[in-house]
file data.txt (compact mmCIF, C-alpha atoms)
# COMPACT_ATOMS: atom_id res chain seq x y z
CA MET A 83 -10.92 1.72 -10.19
CA GLU A 84 -13.58 3.35 -8.09
CA ILE A 85 -13.24 6.98 -7.03
CA VAL A 86 -15.36 8.43 -4.25
CA LYS A 87 -15.27 12.21 -3.99
CA ASN A 88 -15.94 14.15 -0.83
CA ARG A 89 -15.08 17.47 0.80
CA VAL A 90 -13.37 18.23 4.08
CA GLY A 91 -13.48 21.97 4.63
CA SER A 92 -11.89 23.55 1.58
CA VAL A 93 -10.22 20.33 0.47
CA ALA A 94 -11.64 18.04 -2.18
CA THR A 95 -10.87 14.46 -1.21
CA LEU A 96 -10.76 11.52 -3.60
CA GLN A 97 -10.79 8.00 -2.18
CA LEU A 98 -9.41 5.58 -4.77
CA SER A 99 -10.05 1.83 -4.74
CA GLY A 100 -8.46 -0.89 -6.86
CA ARG A 101 -5.61 -0.68 -9.36
CA LEU A 102 -4.11 2.65 -10.37
CA ASP A 103 -3.13 1.75 -13.92
CA LEU A 104 -3.50 3.20 -17.41
CA ALA A 105 -7.30 3.16 -17.51
CA ALA A 106 -7.65 4.33 -13.91
CA GLY A 107 -5.18 7.15 -14.53
CA VAL A 108 -7.41 8.51 -17.28
CA THR A 109 -10.42 8.40 -14.94
CA LEU A 110 -8.48 10.05 -12.12
CA LYS A 111 -7.42 12.97 -14.31
CA GLU A 112 -11.04 13.46 -15.40
CA LYS A 113 -12.29 13.47 -11.79
CA VAL A 114 -9.65 15.97 -10.69
CA LYS A 115 -10.46 18.18 -13.67
CA GLU A 116 -14.07 18.26 -12.47
CA GLU A 117 -12.79 19.64 -9.18
CA PHE A 118 -10.67 22.26 -10.94
CA ASP A 119 -13.67 23.26 -13.04
CA ALA A 120 -15.66 23.71 -9.82
CA GLY A 121 -12.92 25.99 -8.48
CA ASN A 122 -11.40 23.47 -6.08
CA VAL A 123 -7.61 23.45 -6.16
CA GLN A 124 -6.92 21.85 -2.77
CA ILE A 125 -6.87 18.17 -3.62
CA HIS A 126 -6.29 15.19 -1.38
CA ILE A 127 -5.99 11.64 -2.74
CA ASN A 128 -6.47 8.80 -0.27
CA LEU A 129 -4.78 5.65 -1.56
CA ALA A 130 -5.74 3.34 1.31
CA ARG A 131 -7.66 1.01 -0.98
CA VAL A 132 -5.18 1.06 -3.87
CA ASP A 133 -3.33 -2.23 -3.94
CA PHE A 134 -1.41 -1.74 -7.18
CA VAL A 135 0.16 1.15 -9.07
CA ASN A 136 2.25 1.09 -12.22
CA SER A 137 4.07 3.78 -14.17
CA SER A 138 0.88 4.77 -15.99
CA GLY A 139 -0.80 5.46 -12.66
CA LEU A 140 2.24 7.35 -11.45
CA GLY A 141 2.18 9.41 -14.62
CA ALA A 142 -1.44 10.35 -13.94
CA LEU A 143 -0.55 11.46 -10.40
CA VAL A 144 2.35 13.56 -11.71
CA SER A 145 0.01 15.12 -14.24
CA VAL A 146 -2.50 15.95 -11.50
CA MET A 147 0.25 17.45 -9.38
CA LYS A 148 1.51 19.65 -12.21
CA GLU A 149 -2.02 20.82 -13.04
CA THR A 150 -2.66 21.60 -9.39
CA ARG A 151 0.53 23.65 -9.13
CA LEU A 152 -0.37 25.54 -12.29
CA ARG A 153 -3.54 26.62 -10.49
CA ASN A 154 -1.64 27.60 -7.35
CA GLY A 155 -3.32 24.74 -5.56
CA ARG A 156 -2.03 21.93 -3.42
CA LEU A 157 -2.05 18.15 -3.80
CA THR A 158 -1.59 15.78 -0.89
CA MET A 159 -1.82 12.00 -0.64
CA SER A 160 -2.16 9.56 2.21
CA ASN A 161 -2.47 5.94 3.31
CA LEU A 162 -0.07 4.36 0.82
CA ALA A 163 0.08 0.58 1.07
CA SER A 164 3.58 -0.81 1.46
CA TYR A 165 3.86 -2.00 -2.15
CA VAL A 166 2.63 1.34 -3.41
CA GLN A 167 5.00 3.24 -1.14
CA GLU A 168 7.84 1.12 -2.47
CA ILE A 169 7.07 2.11 -6.06
CA PHE A 170 7.08 5.77 -5.05
CA GLU A 171 10.48 5.28 -3.45
CA ILE A 172 12.01 3.36 -6.38
CA THR A 173 10.94 6.11 -8.76
CA GLN A 174 11.92 8.84 -6.23
CA LEU A 175 8.45 10.33 -6.53
CA SER A 176 8.20 10.14 -2.75
CA HIS A 177 10.46 13.22 -2.79
CA ILE A 178 8.12 15.40 -4.81
CA PHE A 179 4.68 14.44 -3.51
CA GLU A 180 3.32 15.51 -0.13
CA ILE A 181 2.55 12.13 1.40
CA PHE A 182 0.98 11.70 4.84
CA PRO A 183 0.46 8.53 6.86
CA THR A 184 -3.25 9.28 7.29
CA GLN A 185 -5.88 11.50 5.72
CA GLU A 186 -6.45 13.15 9.08
CA GLU A 187 -2.81 14.28 9.21
CA ALA A 188 -3.08 15.60 5.70
CA MET A 189 -6.21 17.56 6.58
CA THR A 190 -4.49 19.03 9.63
CA SER A 191 -1.66 20.22 7.39
CA TYR A 192 -4.16 22.25 5.36
CA ASP A 193 -5.37 23.89 8.55
CA THR A 194 -1.86 24.95 9.49
CA ALA A 195 -0.37 25.64 6.04
CA PRO A 196 0.18 29.27 5.11
CA VAL A 197 -2.29 30.67 2.61
CA ARG A 198 -0.84 30.43 -0.89
CA MET B 224 -11.37 -10.11 -27.03
CA SER B 225 -8.41 -12.08 -25.70
CA THR B 226 -7.84 -15.72 -26.57
CA LYS B 227 -6.53 -18.43 -24.28
CA ILE B 228 -4.38 -20.73 -26.38
CA ARG B 229 -2.80 -23.30 -24.06
CA GLY B 230 -2.74 -24.41 -20.45
CA PRO B 231 -2.19 -24.97 -17.62
CA HIS B 232 1.50 -24.12 -16.96
CA THR B 233 2.19 -22.32 -20.20
CA MET B 234 -0.52 -19.98 -21.32
CA SER B 235 -0.66 -17.53 -24.20
CA PHE B 236 -3.08 -14.71 -24.78
CA GLU B 237 -3.58 -12.17 -27.53
CA TYR B 238 -5.14 -8.74 -27.10
CA PRO B 239 -6.17 -5.88 -29.37
CA SER B 240 -4.33 -2.66 -28.60
CA GLU B 241 -7.05 -0.78 -26.77
CA ILE B 242 -7.21 0.41 -23.18
CA ALA B 243 -9.92 -2.11 -22.28
CA SER B 244 -7.39 -4.90 -22.89
CA GLU B 245 -5.43 -3.84 -19.82
CA GLY B 246 -8.16 -5.06 -17.46
CA LYS B 247 -8.50 -8.35 -19.36
CA MET B 248 -4.76 -8.87 -19.16
CA PHE B 249 -4.82 -8.30 -15.39
CA ALA B 250 -7.70 -10.76 -14.98
CA GLU B 251 -5.90 -13.48 -16.91
CA LEU B 252 -2.57 -12.80 -15.25
CA THR B 253 -4.09 -13.00 -11.76
CA ASP B 254 -5.90 -16.21 -12.69
CA PHE B 255 -2.58 -17.69 -13.78
CA LEU B 256 -0.81 -16.55 -10.61
CA ASP B 257 -3.65 -17.98 -8.53
CA SER B 258 -3.43 -21.29 -10.38
CA VAL B 259 0.29 -21.64 -9.70
CA GLY B 260 0.12 -20.26 -6.16
CA VAL B 261 2.34 -17.18 -6.51
CA THR B 262 1.63 -14.71 -3.72
CA GLY B 263 3.09 -11.75 -1.81
CA ARG B 264 5.87 -9.54 -3.09
CA LEU B 265 6.79 -11.86 -5.96
CA ARG B 266 3.21 -11.71 -7.23
CA HIS B 267 3.28 -7.93 -7.06
CA SER B 268 6.61 -7.76 -8.92
CA ILE B 269 5.29 -10.00 -11.69
CA MET B 270 2.10 -7.98 -12.04
CA LEU B 271 4.10 -4.76 -12.17
CA CYS B 272 6.57 -5.97 -14.79
CA VAL B 273 3.97 -7.61 -17.00
CA SER B 274 1.74 -4.53 -16.88
CA GLU B 275 4.65 -2.24 -17.75
CA ALA B 276 5.70 -4.35 -20.73
CA PHE B 277 2.08 -4.81 -21.81
CA VAL B 278 1.23 -1.11 -21.74
CA ASN B 279 4.52 -0.28 -23.45
CA GLY B 280 3.64 -2.67 -26.28
CA MET B 281 0.05 -1.51 -26.54
CA VAL B 282 0.66 2.25 -26.33
CA HIS B 283 4.18 2.88 -27.61
CA GLY B 284 4.62 -0.16 -29.86
CA ASN B 285 1.19 -0.56 -31.37
CA ARG B 286 0.10 3.10 -30.92
CA LEU B 287 -3.26 1.90 -29.56
CA ILE B 288 -4.28 0.66 -32.99
CA PRO B 289 -6.73 -2.15 -32.11
CA GLU B 290 -5.87 -4.24 -35.17
CA ARG B 291 -2.33 -4.54 -33.86
CA LYS B 292 -2.06 -7.25 -31.21
CA VAL B 293 -0.12 -7.63 -28.00
CA ARG B 294 0.71 -11.20 -27.05
CA MET B 295 1.37 -12.37 -23.52
CA CYS B 296 2.86 -15.80 -22.80
CA LEU B 297 3.20 -16.98 -19.20
CA GLY B 298 5.24 -20.03 -18.33
CA LEU B 299 6.21 -21.87 -15.20
CA ASN B 300 8.85 -24.45 -14.49
CA GLU B 301 10.14 -25.77 -11.22
CA ASN B 302 12.13 -22.69 -10.28
CA ARG B 303 11.15 -19.83 -12.53
CA LEU B 304 8.17 -18.04 -13.91
CA SER B 305 8.56 -16.39 -17.29
CA ALA B 306 6.49 -13.71 -18.98
CA ASP B 307 6.89 -12.83 -22.64
CA ILE B 308 5.26 -9.74 -24.10
CA GLU B 309 5.33 -9.07 -27.82
CA ASP B 310 3.91 -6.22 -29.88
CA GLU B 311 3.52 -5.50 -33.59
CA GLY B 312 5.12 -2.07 -33.63
CA GLN B 313 8.32 -0.94 -35.27
CA GLY B 314 11.56 0.29 -33.77
CA GLY B 315 10.70 -0.40 -30.16
CA LEU B 316 14.05 -1.96 -29.32
CA GLY B 317 15.88 1.05 -30.71
CA GLU B 318 13.66 3.35 -28.64
CA ILE B 319 14.47 1.42 -25.49
CA HIS B 320 18.20 1.55 -26.15
CA ALA B 321 18.10 5.24 -27.02
CA ARG B 322 15.91 6.32 -24.15
CA ARG B 323 17.20 8.68 -21.51
CA PRO B 324 16.36 8.41 -17.83
CA SER B 325 12.98 9.93 -17.12
CA GLU B 326 12.98 13.28 -15.37
CA LEU B 327 11.38 13.42 -11.96
CA LEU B 328 8.35 15.33 -13.21
CA SER B 329 7.99 13.37 -16.42
CA GLU B 330 4.61 11.72 -16.86
CA ASN B 331 6.07 8.65 -18.56
CA GLY B 332 9.29 6.75 -19.15
CA ARG B 333 9.47 4.92 -15.81
CA GLY B 334 8.20 1.54 -17.01
CA ILE B 335 11.44 0.03 -18.23
CA ASP B 336 13.25 1.11 -15.06
CA LEU B 337 10.60 -0.60 -12.93
CA ILE B 338 10.95 -3.78 -14.99
CA MET B 339 14.74 -3.74 -14.57
CA GLN B 340 14.34 -3.23 -10.82
CA SER B 341 11.71 -5.89 -10.29
CA ALA B 342 12.48 -8.80 -12.65
CA ASP B 343 15.31 -11.25 -12.06
CA ALA B 344 16.21 -11.34 -15.75
CA VAL B 345 15.12 -9.28 -18.75
CA GLU B 346 15.81 -9.86 -22.43
CA THR B 347 14.65 -7.72 -25.32
CA SER B 348 14.67 -8.65 -28.99
CA VAL B 349 13.02 -7.83 -32.29
CA THR B 350 10.40 -10.19 -33.71
CA PRO B 351 10.57 -11.29 -37.38
CA ASN B 352 7.88 -8.67 -38.09
CA GLY B 353 9.81 -5.88 -36.40
CA GLY B 354 7.88 -5.81 -33.13
CA LEU B 355 9.41 -5.70 -29.68
CA HIS B 356 9.67 -8.86 -27.62
CA ILE B 357 10.38 -8.52 -23.90
CA ARG B 358 11.10 -11.66 -21.89
CA MET B 359 11.09 -11.38 -18.12
CA GLU B 360 11.96 -14.11 -15.67
CA PHE B 361 11.27 -14.36 -11.96
CA SER B 362 12.83 -16.77 -9.54
CA LEU B 363 10.28 -18.60 -7.43
CA GLN B 364 12.91 -19.00 -4.73
CA ARG B 365 13.51 -15.35 -3.97
CA SER B 366 14.50 -14.61 -0.44
CA GLU B 367 12.06 -12.02 0.83
CA PRO B 368 12.52 -9.93 3.94
CA ALA B 369 10.53 -11.64 6.67
CA GLU B 370 8.77 -8.49 7.81
CA ARG B 371 7.43 -7.94 4.33
CA ASP B 372 6.01 -11.43 3.84
CA SER B 373 2.96 -10.54 5.83
CA GLU B 374 2.22 -7.27 4.00
call {"tool": "encode", "arguments": {"input": "data.txt", "output": "structure tokens"}}
result
Amino acid sequence: MEIVKNRVGSVATLQLSGRLDLAAGVTLKEKVKEEFDAGNVQIHINLARVDFVNSSGLGALVSVMKETRLRNGRLTMSNLASYVQEIFEITQLSHIFEIFPTQEEAMTSYDTAPVR
Amino acid sequence: MSTKIRGPHTMSFEYPSEIASEGKMFAELTDFLDSVGVTGRLRHSIMLCVSEAFVNGMVHGNRLIPERKVRMCLGLNENRLSADIEDEGQGGLGEIHARRPSELLSENGRGIDLIMQSADAVETSVTPNGGLHIRMEFSLQRSEPAERDSE
């Protein structure tokens, strides 16, 4: 799993590539914690290059979401491949994550969202 | 380090229970699927189920104790592909039978549900040493929705 971090306005973006599995989940949580430690609580995860996710990866995403909420932040995701989207639907996690078709749409939602 | 024991249409591997084994398992599983020409949604389902059973055995069965091994056996016949995952833990079958559905915000507990959803047949049993053995079978003649074949 490769994670490329960037910033778009006030939002920290993480572009993931590869499998989101047990090992990658550990790395993801570490990378997001670095953002929290830097004071960034608006997090966007772009999954365009993730071709596989299992329950360990889902658990890491749930953990990130809960940590973000604890900090009064916001977590969005975008660009889910069809297989990945299907796993989110089977597990009903598609109901609790803010998922956008594209990163651009997610970024626009930050512009228009009320200040929390 | 994992060990390839047999080939080419039945292959067995053994892994220490450490996180690095996950990547080795994926590499050997994808090699096997490449060698037998399994692609598309079926390939994804097999990878998902095997990874769920593997991580369950490594983390929950063997408690990530490297000396405890997880074994993966992959087999292929004319119509079905089988995957057997075995750990050296204790009480895993009882834990599976006693488990409650995972809550939406739970960080774990979804693996067995994903296996049940994605495999065509699942059997669980206890090994002579008390470990958990999960056997999963996949029909090679699944009918897949046409629009998803190209995904």
call {"tool": "residues_around", "arguments": {"input": "data.txt", "residues": "B:Thr350", "least_positions_apart": "5", "cutoff": "12 Å", "atoms": "only C-alpha atoms", "output": "PyMOL selection string"}}
result
chain B and resi 294+307-316+355-358
call {"tool": "closest_residue", "arguments": {"input": "data.txt", "among": "A:Val108, A:Leu152, A:Ala120, A:Met159", "to": "chain B", "atoms": "only C-alpha atoms"}}
result
A:Val108
call {"tool": "closest_atom_pairs", "arguments": {"input": "data.txt", "of": "chain B", "to": "chain A", "cutoff": "7 Å", "atoms": "only C-alpha atoms", "output": "Markdown table"}}
result
| residue | atom | partner | partner_atom | distance |
| --- | --- | --- | --- | --- |
| B:Ile242 | CA | A:Ala105 | CA | 6.3 |
| B:Leu271 | CA | A:Asn136 | CA | 6.1 |
| B:Glu275 | CA | A:Asn136 | CA | 6.9 |
| B:Leu327 | CA | A:Leu175 | CA | 6.9 |
| B:Leu328 | CA | A:Val144 | CA | 6.4 |
| B:Glu330 | CA | A:Gly141 | CA | 4.0 |
| B:Asn331 | CA | A:Gly141 | CA | 5.6 |
| B:Arg333 | CA | A:Ser137 | CA | 5.8 |
| B:Gly334 | CA | A:Ser137 | CA | 5.5 |
call {"tool": "atom_distance", "arguments": {"input": "data.txt", "atom1": "atom CA of B:Pro289", "atom2": "atom CA of B:Ser240"}}
result
4.3 Å
call {"tool": "atom_distance", "arguments": {"input": "data.txt", "atom1": "atom CA of A:Lys113", "atom2": "atom CA of B:Leu337"}}
result
26.9 Å
call {"tool": "closest_residue", "arguments": {"input": "data.txt", "among": "B:Gly246, B:Leu256, B:Leu299, B:Leu304", "to": "B:Phe277", "atoms": "only C-alpha atoms"}}
result
B:Gly246
call {"tool": "atom_distance", "arguments": {"input": "data.txt", "atom1": "atom CA of B:Phe361", "atom2": "atom CA of B:Cys296"}}
result
13.8 Å
call {"tool": "closest_residue", "arguments": {"input": "data.txt", "among": "A:Ile181, A:Thr95, A:Leu162, A:Lys87", "to": "A:Val132", "atoms": "all atoms listed in the file"}}
result
A:Leu162
call {"tool": "residues_near_point", "arguments": {"input": "data.txt", "point": "(9.9, -18.0, -16.3)", "cutoff": "10 Å", "atoms": "only C-alpha atoms", "output": "PDB file with C-alpha atoms, keeping the file's coordinate frame"}}
result
ATOM      1  CA  THR B 233       2.190 -22.320 -20.200  1.00  0.00           C
ATOM      2  CA  CYS B 296       2.860 -15.800 -22.800  1.00  0.00           C
ATOM      3  CA  LEU B 297       3.200 -16.980 -19.200  1.00  0.00           C
ATOM      4  CA  GLY B 298       5.240 -20.030 -18.330  1.00  0.00           C
ATOM      5  CA  LEU B 299       6.210 -21.870 -15.200  1.00  0.00           C
ATOM      6  CA  ASN B 300       8.850 -24.450 -14.490  1.00  0.00           C
ATOM      7  CA  GLU B 301      10.140 -25.770 -11.220  1.00  0.00           C
ATOM      8  CA  ASN B 302      12.130 -22.690 -10.280  1.00  0.00           C
ATOM      9  CA  ARG B 303      11.150 -19.830 -12.530  1.00  0.00           C
ATOM     10  CA  LEU B 304       8.170 -18.040 -13.910  1.00  0.00           C
ATOM     11  CA  SER B 305       8.560 -16.390 -17.290  1.00  0.00           C
ATOM     12  CA  ALA B 306       6.490 -13.710 -18.980  1.00  0.00           C
ATOM     13  CA  ASP B 307       6.890 -12.830 -22.640  1.00  0.00           C
ATOM     14  CA  ASP B 343      15.310 -11.250 -12.060  1.00  0.00           C
ATOM     15  CA  ALA B 344      16.210 -11.340 -15.750  1.00  0.00           C
ATOM     16  CA  ARG B 358      11.100 -11.660 -21.890  1.00  0.00           C
ATOM     17  CA  MET B 359      11.090 -11.380 -18.120  1.00  0.00           C
ATOM     18  CA  GLU B 360      11.960 -14.110 -15.670  1.00  0.00           C
ATOM     19  CA  PHE B 361      11.270 -14.360 -11.960  1.00  0.00           C
ATOM     20  CA  SER B 362      12.830 -16.770  -9.540  1.00  0.00           C
ATOM     21  CA  LEU B 363      10.280 -18.600  -7.430  1.00  0.00           C
TER      22      LEU B 363
END
call {"tool": "residues_near_point", "arguments": {"input": "data.txt", "point": "(-15.2, 18.6, 2.3)", "cutoff": "12 Å", "atoms": "only C-alpha atoms", "output": "number ranges by chain"}}
result
A: 87-96, 117, 122, 124-126, 189
call {"tool": "closest_residue", "arguments": {"input": "data.txt", "among": "A:Glu116, A:Thr109, A:Glu84, A:Ile127", "to": "A:Phe179", "atoms": "only C-alpha atoms"}}
result
A:Ile127
call {"tool": "closest_residue", "arguments": {"input": "data.txt", "among": "A:Val123, A:Ser160, A:Gln97, A:Ala130", "to": "A:Glu187", "atoms": "only C-alpha atoms"}}
result
A:Ser160
call {"tool": "axis_aligned_box", "arguments": {"input": "data.txt", "around": "stretch 254-265 of chain B", "padding_each_side": "3 Å", "output": "AutoDock Vina command-line options"}}
result
--center_x 0.4 --center_y -15.6 --center_z -7.8 --size_x 18.7 --size_y 18.1 --size_z 18.0
call {"tool": "closest_residue", "arguments": {"input": "data.txt", "among": "B:His232, B:Arg291, B:His283, B:His320", "to": "B:Asp254", "atoms": "all atoms listed in the file"}}
result
B:His232
call {"tool": "decode", "arguments": {"input": "data.txt", "residues": "stretch 108-173 of chain A", "atoms": "C-alpha atoms", "output": "PDB file, in the first residue's frame"}}
result
ATOM      1  CA  VAL A 108      -2.014  -0.126  10.231  1.00  0.00           C
ATOM      2  CA  THR A 109      -0.130   2.235   7.901  1.00  0.00           C
ATOM      3  CA  LEU A 110      -3.270   4.215   7.113  1.00  0.00           C
ATOM      4  CA  LYS A 111      -4.039   4.801  10.786  1.00  0.00           C
ATOM      5  CA  GLU A 112      -0.463   6.002  11.342  1.00  0.00           C
ATOM      6  CA  LYS A 113      -0.665   8.437   8.413  1.00  0.00           C
ATOM      7  CA  VAL A 114      -3.984   9.863   9.575  1.00  0.00           C
ATOM      8  CA  LYS A 115      -2.624  10.229  13.104  1.00  0.00           C
ATOM      9  CA  GLU A 116       0.185  12.350  11.664  1.00  0.00           C
ATOM     10  CA  GLU A 117      -2.478  14.650  10.239  1.00  0.00           C
ATOM     11  CA  PHE A 118      -4.305  14.824  13.568  1.00  0.00           C
ATOM     12  CA  ASP A 119      -1.029  15.613  15.316  1.00  0.00           C
ATOM     13  CA  ALA A 120      -0.505  18.466  12.840  1.00  0.00           C
ATOM     14  CA  GLY A 121      -3.959  19.810  13.696  1.00  0.00           C
ATOM     15  CA  ASN A 122      -5.683  18.629  10.526  1.00  0.00           C
ATOM     16  CA  VAL A 123      -9.087  17.078  11.182  1.00  0.00           C
ATOM     17  CA  GLN A 124     -10.619  17.436   7.715  1.00  0.00           C
ATOM     18  CA  ILE A 125      -9.568  14.215   6.039  1.00  0.00           C
ATOM     19  CA  HIS A 126     -10.284  12.961   2.551  1.00  0.00           C
ATOM     20  CA  ILE A 127      -9.303   9.470   1.397  1.00  0.00           C
ATOM     21  CA  ASN A 128      -9.179   8.866  -2.350  1.00  0.00           C
ATOM     22  CA  LEU A 129      -9.567   5.155  -3.082  1.00  0.00           C
ATOM     23  CA  ALA A 130      -9.263   5.352  -6.875  1.00  0.00           C
ATOM     24  CA  ARG A 131      -6.187   3.129  -6.914  1.00  0.00           C
ATOM     25  CA  VAL A 132      -7.380   0.646  -4.294  1.00  0.00           C
ATOM     26  CA  ASP A 133      -8.338  -2.578  -6.024  1.00  0.00           C
ATOM     27  CA  PHE A 134      -8.988  -4.698  -2.945  1.00  0.00           C
ATOM     28  CA  VAL A 135     -10.329  -4.179   0.563  1.00  0.00           C
ATOM     29  CA  ASN A 136     -11.050  -6.736   3.253  1.00  0.00           C
ATOM     30  CA  SER A 137     -12.556  -6.490   6.725  1.00  0.00           C
ATOM     31  CA  SER A 138      -9.203  -5.482   8.220  1.00  0.00           C
ATOM     32  CA  GLY A 139      -9.050  -2.515   5.860  1.00  0.00           C
ATOM     33  CA  LEU A 140     -12.655  -1.648   6.616  1.00  0.00           C
ATOM     34  CA  GLY A 141     -11.869  -1.791  10.320  1.00  0.00           C
ATOM     35  CA  ALA A 142      -9.041   0.694   9.811  1.00  0.00           C
ATOM     36  CA  LEU A 143     -11.380   3.072   7.968  1.00  0.00           C
ATOM     37  CA  VAL A 144     -13.974   2.799  10.748  1.00  0.00           C
ATOM     38  CA  SER A 145     -11.248   3.523  13.281  1.00  0.00           C
ATOM     39  CA  VAL A 146     -10.162   6.608  11.322  1.00  0.00           C
ATOM     40  CA  MET A 147     -13.752   7.787  11.101  1.00  0.00           C
ATOM     41  CA  LYS A 148     -14.317   7.416  14.838  1.00  0.00           C
ATOM     42  CA  GLU A 149     -11.063   9.226  15.643  1.00  0.00           C
ATOM     43  CA  THR A 150     -11.990  12.022  13.258  1.00  0.00           C
ATOM     44  CA  ARG A 151     -15.411  12.434  14.872  1.00  0.00           C
ATOM     45  CA  LEU A 152     -13.831  12.504  18.319  1.00  0.00           C
ATOM     46  CA  ARG A 153     -11.844  15.515  17.121  1.00  0.00           C
ATOM     47  CA  ASN A 154     -14.933  17.196  15.662  1.00  0.00           C
ATOM     48  CA  GLY A 155     -13.464  16.680  12.228  1.00  0.00           C
ATOM     49  CA  ARG A 156     -14.825  15.225   9.037  1.00  0.00           C
ATOM     50  CA  LEU A 157     -13.865  12.209   6.935  1.00  0.00           C
ATOM     51  CA  THR A 158     -14.841  11.820   3.304  1.00  0.00           C
ATOM     52  CA  MET A 159     -13.930   9.230   0.693  1.00  0.00           C
ATOM     53  CA  SER A 160     -14.151   9.073  -3.066  1.00  0.00           C
ATOM     54  CA  ASN A 161     -13.507   7.083  -6.225  1.00  0.00           C
ATOM     55  CA  LEU A 162     -14.427   3.626  -4.951  1.00  0.00           C
ATOM     56  CA  ALA A 163     -13.854   0.876  -7.508  1.00  0.00           C
ATOM     57  CA  SER A 164     -16.880  -1.320  -8.117  1.00  0.00           C
ATOM     58  CA  TYR A 165     -15.550  -4.262  -6.083  1.00  0.00           C
ATOM     59  CA  VAL A 166     -14.681  -1.963  -3.209  1.00  0.00           C
ATOM     60  CA  GLN A 167     -18.066  -0.259  -3.364  1.00  0.00           C
ATOM     61  CA  GLU A 168     -19.704  -3.670  -3.227  1.00  0.00           C
ATOM     62  CA  ILE A 169     -17.895  -4.556  -0.005  1.00  0.00           C
ATOM     63  CA  PHE A 170     -19.045  -1.286   1.541  1.00  0.00           C
ATOM     64  CA  GLU A 171     -22.612  -2.128   0.564  1.00  0.00           C
ATOM     65  CA  ILE A 172     -22.514  -5.738   1.816  1.00  0.00           C
ATOM     66  CA  THR A 173     -21.260  -4.539   5.188  1.00  0.00           C
TER      67      THR A 173
END
